[in-house]
Amino acid sequence: MNDKNSAGKTWTSASGIPLKPFYGEDDVPAQHRERLAAGPGEPPFHRGAYPTGYRTKPWRIFQLSGFGKPEDENARIKFLLEQGETGFIMEHDRNTGDHCYNVDHPEVVARREDVGLTGAVMQSVRDIDICMKDLPIETSYAHAGGAVVQHAPFALAGYWTVAKRRGVALDRLPGTGQSDYFLTYLGCVTKQQVPTDVGLRFNADIMEFCDRYLPRWVPVSIAGYNAADTGLNAYQELGALFANAVEYLDEIQRRGTMPIERAARGCGGVSFRMSMDLFEEASKLRAARLMWQQLLAERYAITDAKVANLRIHCVTAGSRMTYQQPLNNIVRGTVMALAGVLGGVQSLGVSGYDEALSIPSEHAHQMSVRIQQILQEETNVTAVTDPLGGSWYVEALTAELVEKAWGFFEEIQAQGGFLASLDSGWLHEKAAENQHREFMAQETGEQVIVGVTAHSDDASPYEVDGFMGVDDAFDVALERLEEVRRTRHEAGAADALRQLERVCRSSDNIMPAMMDALEAEVTLGEIGDVWRDVFGDWATPIQT
Amino acid sequence: MAGDNAVAALVAEAVGGSRSALARLISTAERGGDDAAALEAALLPCGGNSYSIGITGAPGAGKSTLASALTTELQAGGERVALLAVDPSSPLTRGAILGDRVRLQPHLGNPDVFIRSMASRGHLGGLAMATCTARRVLEACGWPLVLIETVGVGQAELDVAGATDTVLVVLNPGWGDEMQANKAGLMEIADIFVINKADRAGLEATRRDLEAAIAANAPERRPAIVETVATEGTGLDALRAAIAAHREQAKASGELERRRRVRAVTELRDLARARLELALEGQLAGPAGEALAGAVTRRELDIDSAARRLVADLLNSDSQRGASRGDPEQDTP
Amino acid sequence: MSGKRILMAKTGLDGHWRGPTIVARALRDAGFEVIMIGMARPEEVVQASIDEDVDLVGLNIGGHVDVAVRAVTALNDERPDLPIFCGGVVPPHAKRRLEALGVEVYPPGSQLPDIVGAARRLTGLD
């Protein structure tokens, strides 16, 4: 048997693993056969994080949402919860949030119409309070925003401060931030941000703080999604994600301030991208759980099964959503969601069918929820855990991904580790190589995108014009910023800001000072100014 | 080709303060050819007096970030700063991605900073020529400080940064393989060693290593060592002071004068060689070359005699037209 | 050898690098000198296009079309002779507005040979 058919076509997985026409028992490597007997919820967890799967706990329907003013975002979150979303994500405006700028920063003013297009503008605890109005924060798992490393301390401290003001004890609060490197250090590089080593300090500080005060909170969540949607393939996404995780765990170990088991638990909730190669993507999630268990056991001697089961959130690939014939994207969303479901996710978001045109319209958002409800309630896929387990193909692919992913992990270590691979641009180069290859494959017709590179005649063109949010986000944000400055206790705010700066210049944990700063109504841009003064700017790698 | 008059008019515009004319003149320098020759002639009476600072070092050493931070530092002292950022072209396609400006973001839109990205292209006579002409254009237009940043790996790139009044060699704690391999060459050209990313492990060892290497030099040729963390703006004041000190000392000792004369000889040699080569190519492609080649092939003439005759013809000939500098593809008659 | 120079800039603050990276590589491989300046405001794009004496400007746009329109208008005012093309998340209404200003628009799904072809045509190589 070979992997070519008569036309000479080479059959491979999306990451380039050669595929045979069919698989048999012998294709599962010997060292991987042993684990086949283990059930879901048992080490090495490739079959699932929990024994009863979706029967006891269907995956969380968890959609990225947010635009406009905080009240617009609040309304959209409520709409999604009404539609059946079972957790909620509070996305902050990326112009202001990712850069830690207030809206009156010249860089933002120059793009004032963009403000509010990628999330709600939240510059102080008052804005966050509006966005959280009447949301079930005690009972719903929340993503408080702060997807980006330098923004997370603000978003988290803001969310927690509002909760405290409402009388909700922090130790009751479920949720996560993300504090992820991949988005702004690899995929969508910001104009300014703290150097990577400072980000590591922030994230370790957040882990310590949550360990003390927020036991139900997942302090950092590594977003392989952003790595993959920037170009890393399935096994590179895995390898890079765990290379990132060891930076956190090694740092906590170096600090010696909390038990390593709890640190492992704290970064054991991650996200992956689901793309169009159905079986490879499902296998990737199985490989991820297996690798996490291996990593913790071998590198940190952690064997506690309650710690070693990786929990996974997946988002369907935004980059696979096409501009042309956008309704086809509903089908793509369904297939990619199914890959995640078969791989055993804890939580899932389906990108909007209008992703290539704009942020999701209300209708696109509703479809993203409906797709998941159809999968959960009509298809019976929730009945049996790890339905692909024992498939020779899937087991072989899982094994192959594990091997290749460890290989990539080692390549990153040889670069000096994950942060060094970002600083030098090595990881960017890997992503760019894949993107280039993908474009070439589309040109030659080796890779087909329906409606774009093939079947592009559309008999009944249905034009989607993109959802453009609201048009008063900037003006209202500016008014509210001025109001905060006018009405807050100025001396208290100034004190809190000075204290934050002092802490930043020391090696103390920044989060208590952040909580005080948010309580004192210090604004996002003022905190960003402290970052810029104290920590300087990351030197973006230059591509050549 | 725009012609001598057009070039002279553009020079007048640029000297009068037109930034777009200045930019177009640098393009003229980059394209080479007769217009670049006319440009040199037009620049001669313009005067001007600028000081040049070369920045070189291994890829990843942080040259662009350092150049950016140094520009900020010099700007704070009220200086207008021009920066030529040179990157290699692809030898195959001659295309290039010039990305230094991503690091120079803080200076975008600043009227007192002029940044120009230059690809090395494959200039006949060396990359040095286009950058030297560009430097003279900036000088004529009244830019007092010209920074020239190049990758310090190939000899051509080293030469470019080396042909400045003060040469900064940027390295990091731990050196890096490329720098180690190039150590002798770097020692030769450095006026100031900048250990950038000085917050990283290995700083002390690198400093000791440098000091030991420098100790072999005569006392007046011992480069200063400055530590910086360019991303945080740390150590830039010390770097500015070190540059000023070198400038003072080089001026007082006559070293600056000597160095500029050496540079003139080098440029003269490069340009003369380029012209000779072009003339030679022209001769070879013409009837005289054809005849000599035929004679050699038919074994009527030995190769050495043929070569000597060719050179003699060349030196006697006054047909220097087309024997200008620049791109061989454009200039081959 | 083209010797033609293209300035690439992003008008927004939240843009992806995927598109511009891949386009820059393709243009480099086609012999262009591609000058990347990253995120820039309209007046910054204009000044860089002058200082770098480029033959073409490529804008990566996203978000609200008004932001891109400001950059295009500033370029058209200062350098009326300089062609512009752009790509990014450009919904149909934005595409129409930009095209009305003389800008060629390459939305997601555009193929590299078309983009390179446009660069050659707009810089007068073809």
# chains A, B, ... in the order shown; residues from 1 in each chain; ligands from 1
$ select_by_dssp --residues "segment 415-494 of chain A" --states "alpha helix (DSSP H)" --output "ChimeraX atom specification"
/A:418-423,426-444,473-487,490-494
$ write_last_selection --atoms "C-alpha atoms" --output "mmCIF file, in the first residue's frame"
data_model
loop_
_atom_site.group_PDB
_atom_site.id
_atom_site.type_symbol
_atom_site.label_atom_id
_atom_site.label_comp_id
_atom_site.auth_asym_id
_atom_site.auth_seq_id
_atom_site.Cartn_x
_atom_site.Cartn_y
_atom_site.Cartn_z
ATOM 1 C CA PHE A 418 9.324 29.443 24.154
ATOM 2 C CA LEU A 419 9.921 33.106 24.996
ATOM 3 C CA ALA A 420 13.250 33.117 23.190
ATOM 4 C CA SER A 421 11.559 31.617 20.124
ATOM 5 C CA LEU A 422 9.156 34.572 20.134
ATOM 6 C CA ASP A 423 11.858 37.170 20.766
ATOM 7 C CA TRP A 426 11.889 31.838 15.019
ATOM 8 C CA LEU A 427 8.315 30.864 15.698
ATOM 9 C CA HIS A 428 7.054 33.551 13.316
ATOM 10 C CA GLU A 429 9.241 32.067 10.623
ATOM 11 C CA LYS A 430 7.727 28.610 11.185
ATOM 12 C CA ALA A 431 4.229 30.031 10.940
ATOM 13 C CA ALA A 432 5.078 32.018 7.822
ATOM 14 C CA GLU A 433 6.566 28.961 6.110
ATOM 15 C CA ASN A 434 3.318 27.082 6.599
ATOM 16 C CA GLN A 435 1.197 29.963 5.395
ATOM 17 C CA HIS A 436 3.322 30.212 2.321
ATOM 18 C CA ARG A 437 3.035 26.483 1.679
ATOM 19 C CA GLU A 438 -0.713 26.660 2.106
ATOM 20 C CA PHE A 439 -1.013 29.481 -0.409
ATOM 21 C CA MET A 440 1.106 27.546 -2.869
ATOM 22 C CA ALA A 441 -1.080 24.481 -2.380
ATOM 23 C CA GLN A 442 -4.128 26.565 -3.162
ATOM 24 C CA GLU A 443 -2.504 27.896 -6.275
ATOM 25 C CA THR A 444 -1.706 24.438 -7.586
ATOM 26 C CA ALA A 473 -18.627 53.858 21.174
ATOM 27 C CA PHE A 474 -15.758 56.318 20.906
ATOM 28 C CA ASP A 475 -17.723 59.423 21.890
ATOM 29 C CA VAL A 476 -19.342 57.768 24.877
ATOM 30 C CA ALA A 477 -16.044 56.272 25.999
ATOM 31 C CA LEU A 478 -14.432 59.703 25.835
ATOM 32 C CA GLU A 479 -17.237 61.243 27.900
ATOM 33 C CA ARG A 480 -17.006 58.490 30.474
ATOM 34 C CA LEU A 481 -13.254 58.770 30.709
ATOM 35 C CA GLU A 482 -13.579 62.469 31.432
ATOM 36 C CA GLU A 483 -16.265 61.757 33.988
ATOM 37 C CA VAL A 484 -14.062 59.265 35.821
ATOM 38 C CA ARG A 485 -11.244 61.774 35.937
ATOM 39 C CA ARG A 486 -13.620 64.478 37.168
ATOM 40 C CA THR A 487 -15.438 62.519 39.827
ATOM 41 C CA GLU A 490 -8.016 61.997 42.737
ATOM 42 C CA ALA A 491 -5.544 61.683 45.587
ATOM 43 C CA GLY A 492 -6.559 58.072 46.165
ATOM 44 C CA ALA A 493 -6.141 57.255 42.477
ATOM 45 C CA ALA A 494 -2.748 58.941 42.365
#
$ select_by_dssp --residues "chain C" --states "strand (DSSP E or B)" --output "PyMOL selection string"
chain C and resi 5-10+33-39+56-61+84-88+104-106
$ closest_atom_pairs --of "chain A" --to "chain C" --cutoff "8 Å" --atoms "only C-alpha atoms" --output "tab-separated table"
residue	atom	partner	partner_atom	distance
A:Arg94	CA	C:Asp14	CA	6.1
A:Asn95	CA	C:Leu13	CA	5.5
A:Glu107	CA	C:Arg41	CA	7.5
A:Val108	CA	C:Leu13	CA	8.0
A:Ala110	CA	C:Arg41	CA	6.5
A:Arg111	CA	C:Val67	CA	5.7
A:Arg112	CA	C:Val67	CA	7.8
A:Glu113	CA	C:His64	CA	5.8
A:Asp114	CA	C:His64	CA	5.2
A:Leu117	CA	C:Gly63	CA	6.5
A:Gly187	CA	C:Trp17	CA	6.0
A:Cys188	CA	C:His16	CA	4.4
A:Val189	CA	C:Trp17	CA	7.1
A:Thr190	CA	C:Leu13	CA	6.9
A:Lys191	CA	C:Met39	CA	6.6
A:Thr230	CA	C:Arg18	CA	6.1
A:Gly231	CA	C:Arg18	CA	7.9
A:Thr322	CA	C:Gly109	CA	6.8
A:Tyr323	CA	C:Pro108	CA	5.9
A:Gln324	CA	C:Gly109	CA	7.4
A:Ala356	CA	C:Val89	CA	6.2
A:Leu357	CA	C:Pro91	CA	5.0
A:Ser358	CA	C:Val89	CA	6.9
A:Ala432	CA	C:Ile22	CA	6.9
A:Gln435	CA	C:Ile22	CA	6.9
A:His436	CA	C:Ile22	CA	6.2
A:Phe439	CA	C:Leu112	CA	7.5
A:Glu443	CA	C:Gln111	CA	7.3
A:Val452	CA	C:Gly109	CA	6.2
A:Val464	CA	C:Pro91	CA	7.9
A:Asp465	CA	C:Pro91	CA	5.5
A:Gly466	CA	C:Pro91	CA	5.7
A:Met468	CA	C:His64	CA	7.4
$ write_last_selection --atoms "N, CA and C atoms" --output "short mmCIF file (atom, residue, chain, number, x, y, z; two decimals), in the first residue's frame"
data_model
loop_
_atom_site.label_atom_id
_atom_site.label_comp_id
_atom_site.auth_asym_id
_atom_site.auth_seq_id
_atom_site.Cartn_x
_atom_site.Cartn_y
_atom_site.Cartn_z
N ARG A 94 -10.07 45.94 21.37
CA ARG A 94 -8.66 45.59 21.22
C ARG A 94 -7.78 46.81 20.95
N ASN A 95 -8.33 47.85 20.36
CA ASN A 95 -7.53 49.06 20.13
C ASN A 95 -7.03 49.60 21.46
N GLU A 107 -2.92 57.50 19.28
CA GLU A 107 -3.01 56.35 18.38
C GLU A 107 -4.46 55.88 18.23
N VAL A 108 -5.23 56.01 19.30
CA VAL A 108 -6.63 55.58 19.26
C VAL A 108 -7.48 56.64 18.57
N ALA A 110 -6.69 58.56 16.31
CA ALA A 110 -6.46 58.47 14.86
C ALA A 110 -7.32 57.38 14.22
N ARG A 111 -7.82 56.46 15.03
CA ARG A 111 -8.65 55.37 14.48
C ARG A 111 -9.97 55.32 15.23
N ARG A 112 -10.55 56.47 15.50
CA ARG A 112 -11.68 56.51 16.43
C ARG A 112 -12.85 55.65 15.98
N GLU A 113 -13.05 55.52 14.67
CA GLU A 113 -14.18 54.71 14.19
C GLU A 113 -13.98 53.22 14.47
N ASP A 114 -12.74 52.82 14.68
CA ASP A 114 -12.46 51.41 14.96
C ASP A 114 -12.81 51.04 16.41
N LEU A 117 -15.21 48.13 17.76
CA LEU A 117 -15.50 47.13 16.73
C LEU A 117 -15.05 45.73 17.12
N GLY A 187 0.56 36.37 16.40
CA GLY A 187 -0.44 36.50 15.34
C GLY A 187 -0.79 37.93 14.96
N CYS A 188 -1.17 38.71 15.94
CA CYS A 188 -1.59 40.09 15.68
C CYS A 188 -0.73 40.96 16.57
N VAL A 189 0.46 41.24 16.14
CA VAL A 189 1.42 41.94 17.00
C VAL A 189 0.96 43.38 17.21
N THR A 190 0.93 43.79 18.47
CA THR A 190 0.46 45.12 18.80
C THR A 190 1.56 46.15 18.53
N LYS A 191 1.16 47.40 18.58
CA LYS A 191 2.11 48.47 18.33
C LYS A 191 3.11 48.58 19.48
N THR A 230 -2.35 31.45 13.14
CA THR A 230 -1.26 32.24 12.57
C THR A 230 -0.42 31.38 11.62
N GLY A 231 -0.65 30.07 11.65
CA GLY A 231 0.06 29.23 10.68
C GLY A 231 0.67 27.96 11.23
N THR A 322 -14.71 31.81 4.86
CA THR A 322 -14.43 32.50 3.60
C THR A 322 -15.28 33.75 3.42
N TYR A 323 -14.73 34.65 2.70
CA TYR A 323 -15.38 35.91 2.34
C TYR A 323 -16.42 35.63 1.26
N GLN A 324 -16.03 34.74 0.35
CA GLN A 324 -16.91 34.38 -0.75
C GLN A 324 -17.93 33.35 -0.26
N ALA A 356 -15.05 36.46 8.04
CA ALA A 356 -14.11 37.06 7.07
C ALA A 356 -14.53 38.47 6.68
N LEU A 357 -15.71 38.88 7.15
CA LEU A 357 -16.20 40.21 6.79
C LEU A 357 -16.23 41.18 7.95
N SER A 358 -16.45 40.65 9.15
CA SER A 358 -16.66 41.56 10.28
C SER A 358 -16.74 40.76 11.58
N ALA A 432 5.09 31.43 9.16
CA ALA A 432 5.08 32.02 7.82
C ALA A 432 5.36 30.96 6.76
N GLN A 435 2.16 29.14 6.14
CA GLN A 435 1.20 29.96 5.40
C GLN A 435 1.55 29.98 3.92
N HIS A 436 2.85 30.14 3.69
CA HIS A 436 3.32 30.21 2.32
C HIS A 436 3.01 28.90 1.59
N PHE A 439 -0.64 28.67 0.75
CA PHE A 439 -1.01 29.48 -0.41
C PHE A 439 -0.58 28.81 -1.71
N GLU A 443 -2.78 27.50 -4.91
CA GLU A 443 -2.50 27.90 -6.27
C GLU A 443 -2.46 26.70 -7.22
N VAL A 452 -14.04 29.45 -3.36
CA VAL A 452 -12.93 30.38 -3.52
C VAL A 452 -11.99 29.89 -4.62
N VAL A 464 -23.33 39.14 2.27
CA VAL A 464 -23.31 39.52 3.67
C VAL A 464 -22.43 40.75 3.75
N ASP A 465 -22.91 41.80 4.37
CA ASP A 465 -22.14 43.04 4.31
C ASP A 465 -21.38 43.36 5.58
N GLY A 466 -21.35 42.43 6.50
CA GLY A 466 -20.53 42.67 7.69
C GLY A 466 -21.26 43.54 8.70
N MET A 468 -21.27 46.18 11.59
CA MET A 468 -20.35 47.26 11.95
C MET A 468 -20.60 47.86 13.33
#
$ residues_around --residues "Asp134 of chain A" --least-positions-apart "6" --cutoff "12 Å" --atoms "only C-alpha atoms" --output "list in words"
Glu71, Asn74, Ala75, Ile77, Lys78, Leu81, Ser140, Val162, Ala163 and Arg166 of chain A
$ interface_residues --of "chain A" --to "chain B" --cutoff "12 Å" --atoms "only C-alpha atoms" --output "ChimeraX atom specification"
/A:107,189-198,420-426,531-544
$ closest_atom_pairs --of "chain C" --to "chain B" --cutoff "8 Å" --atoms "only C-alpha atoms" --output "tab-separated table"
residue	atom	partner	partner_atom	distance
C:Met1	CA	B:Arg94	CA	6.0
C:Ser2	CA	B:Arg94	CA	7.9
C:Gly3	CA	B:Gly95	CA	7.7
C:Ala24	CA	B:Ile97	CA	6.9
C:Arg25	CA	B:Ile97	CA	7.4
C:Leu27	CA	B:Gly95	CA	7.6
C:Arg28	CA	B:Gly95	CA	4.5
C:Asp29	CA	B:Gly95	CA	6.0
C:Ala30	CA	B:Thr93	CA	6.6
C:Gly31	CA	B:Gly95	CA	3.7
C:Phe32	CA	B:Gly95	CA	4.6
C:Glu33	CA	B:Ala96	CA	4.7
C:Val34	CA	B:Ile97	CA	4.7
C:Ile35	CA	B:Leu98	CA	4.7
C:Met36	CA	B:Gly99	CA	5.0
C:Ile37	CA	B:Val102	CA	4.9
C:Gly38	CA	B:Val102	CA	5.4
C:Ala40	CA	B:Leu108	CA	7.6
C:Glu43	CA	B:Gly109	CA	6.6
C:Glu44	CA	B:Gly109	CA	4.5
C:Val45	CA	B:Gly109	CA	7.9
C:Gln47	CA	B:Gly109	CA	5.9
C:Ala48	CA	B:Leu108	CA	7.3
C:Ile50	CA	B:Ser20	CA	5.5
C:Asp51	CA	B:Ala23	CA	5.1
C:Glu52	CA	B:Arg116	CA	5.5
C:Asp53	CA	B:Ala23	CA	5.6
$ residues_around --residues "Thr96 of chain A" --least-positions-apart "3" --cutoff "9 Å" --atoms "only C-alpha atoms" --output "PDB file with N, CA and C atoms, in the first residue's frame"
ATOM      1  N   HIS A  92     -12.907  42.772  25.477  1.00  0.00           N
ATOM      2  CA  HIS A  92     -12.612  44.207  25.557  1.00  0.00           C
ATOM      3  C   HIS A  92     -12.177  44.700  24.178  1.00  0.00           C
ATOM      4  N   ASP A  93     -12.459  45.944  23.901  1.00  0.00           N
ATOM      5  CA  ASP A  93     -12.009  46.565  22.655  1.00  0.00           C
ATOM      6  C   ASP A  93     -10.498  46.389  22.526  1.00  0.00           C
ATOM      7  N   HIS A  99      -3.489  47.406  23.827  1.00  0.00           N
ATOM      8  CA  HIS A  99      -2.374  48.351  23.949  1.00  0.00           C
ATOM      9  C   HIS A  99      -2.331  49.036  25.300  1.00  0.00           C
ATOM     10  N   CYS A 100      -3.363  48.811  26.130  1.00  0.00           N
ATOM     11  CA  CYS A 100      -3.499  49.561  27.395  1.00  0.00           C
ATOM     12  C   CYS A 100      -3.432  51.069  27.116  1.00  0.00           C
ATOM     13  N   TYR A 101      -4.262  51.501  26.200  1.00  0.00           N
ATOM     14  CA  TYR A 101      -4.420  52.928  25.890  1.00  0.00           C
ATOM     15  C   TYR A 101      -5.818  53.351  26.333  1.00  0.00           C
ATOM     16  N   ASN A 102      -5.968  54.574  26.788  1.00  0.00           N
ATOM     17  CA  ASN A 102      -7.301  55.151  26.902  1.00  0.00           C
ATOM     18  C   ASN A 102      -7.726  55.651  25.525  1.00  0.00           C
ATOM     19  N   VAL A 103      -9.024  55.962  25.393  1.00  0.00           N
ATOM     20  CA  VAL A 103      -9.490  56.379  24.057  1.00  0.00           C
ATOM     21  C   VAL A 103      -8.925  57.721  23.620  1.00  0.00           C
ATOM     22  N   HIS A 105      -5.843  58.522  23.736  1.00  0.00           N
ATOM     23  CA  HIS A 105      -4.465  58.354  23.253  1.00  0.00           C
ATOM     24  C   HIS A 105      -4.436  58.673  21.757  1.00  0.00           C
ATOM     25  N   VAL A 108      -5.229  56.011  19.298  1.00  0.00           N
ATOM     26  CA  VAL A 108      -6.628  55.581  19.260  1.00  0.00           C
ATOM     27  C   VAL A 108      -7.482  56.638  18.569  1.00  0.00           C
ATOM     28  N   VAL A 115     -12.905  52.059  17.245  1.00  0.00           N
ATOM     29  CA  VAL A 115     -13.119  51.789  18.665  1.00  0.00           C
ATOM     30  C   VAL A 115     -14.477  51.121  18.872  1.00  0.00           C
ATOM     31  N   VAL A 121     -15.492  48.981  24.925  1.00  0.00           N
ATOM     32  CA  VAL A 121     -14.445  49.832  25.478  1.00  0.00           C
ATOM     33  C   VAL A 121     -14.612  49.873  26.999  1.00  0.00           C
ATOM     34  N   MET A 122     -13.595  49.405  27.703  1.00  0.00           N
ATOM     35  CA  MET A 122     -13.664  49.403  29.164  1.00  0.00           C
ATOM     36  C   MET A 122     -12.366  49.981  29.703  1.00  0.00           C
ATOM     37  N   GLN A 123     -12.478  51.209  30.201  1.00  0.00           N
ATOM     38  CA  GLN A 123     -11.283  51.923  30.642  1.00  0.00           C
ATOM     39  C   GLN A 123     -11.170  52.037  32.146  1.00  0.00           C
ATOM     40  N   LEU A 524      -7.303  52.405  32.518  1.00  0.00           N
ATOM     41  CA  LEU A 524      -6.496  51.504  31.690  1.00  0.00           C
ATOM     42  C   LEU A 524      -5.240  52.182  31.144  1.00  0.00           C
ATOM     43  N   GLY A 525      -5.404  53.357  30.602  1.00  0.00           N
ATOM     44  CA  GLY A 525      -4.273  54.042  29.970  1.00  0.00           C
ATOM     45  C   GLY A 525      -3.215  54.445  30.986  1.00  0.00           C
TER      46      GLY A 525
ATOM     47  N   LEU C  13      -5.201  49.228  14.527  1.00  0.00           N
ATOM     48  CA  LEU C  13      -4.352  48.852  15.661  1.00  0.00           C
ATOM     49  C   LEU C  13      -4.513  47.380  16.012  1.00  0.00           C
TER      50      LEU C  13
END
$ atom_distance --atom1 "atom CA of Lys284 of chain A" --atom2 "atom CA of Tyr235 of chain A"
7.5 Å
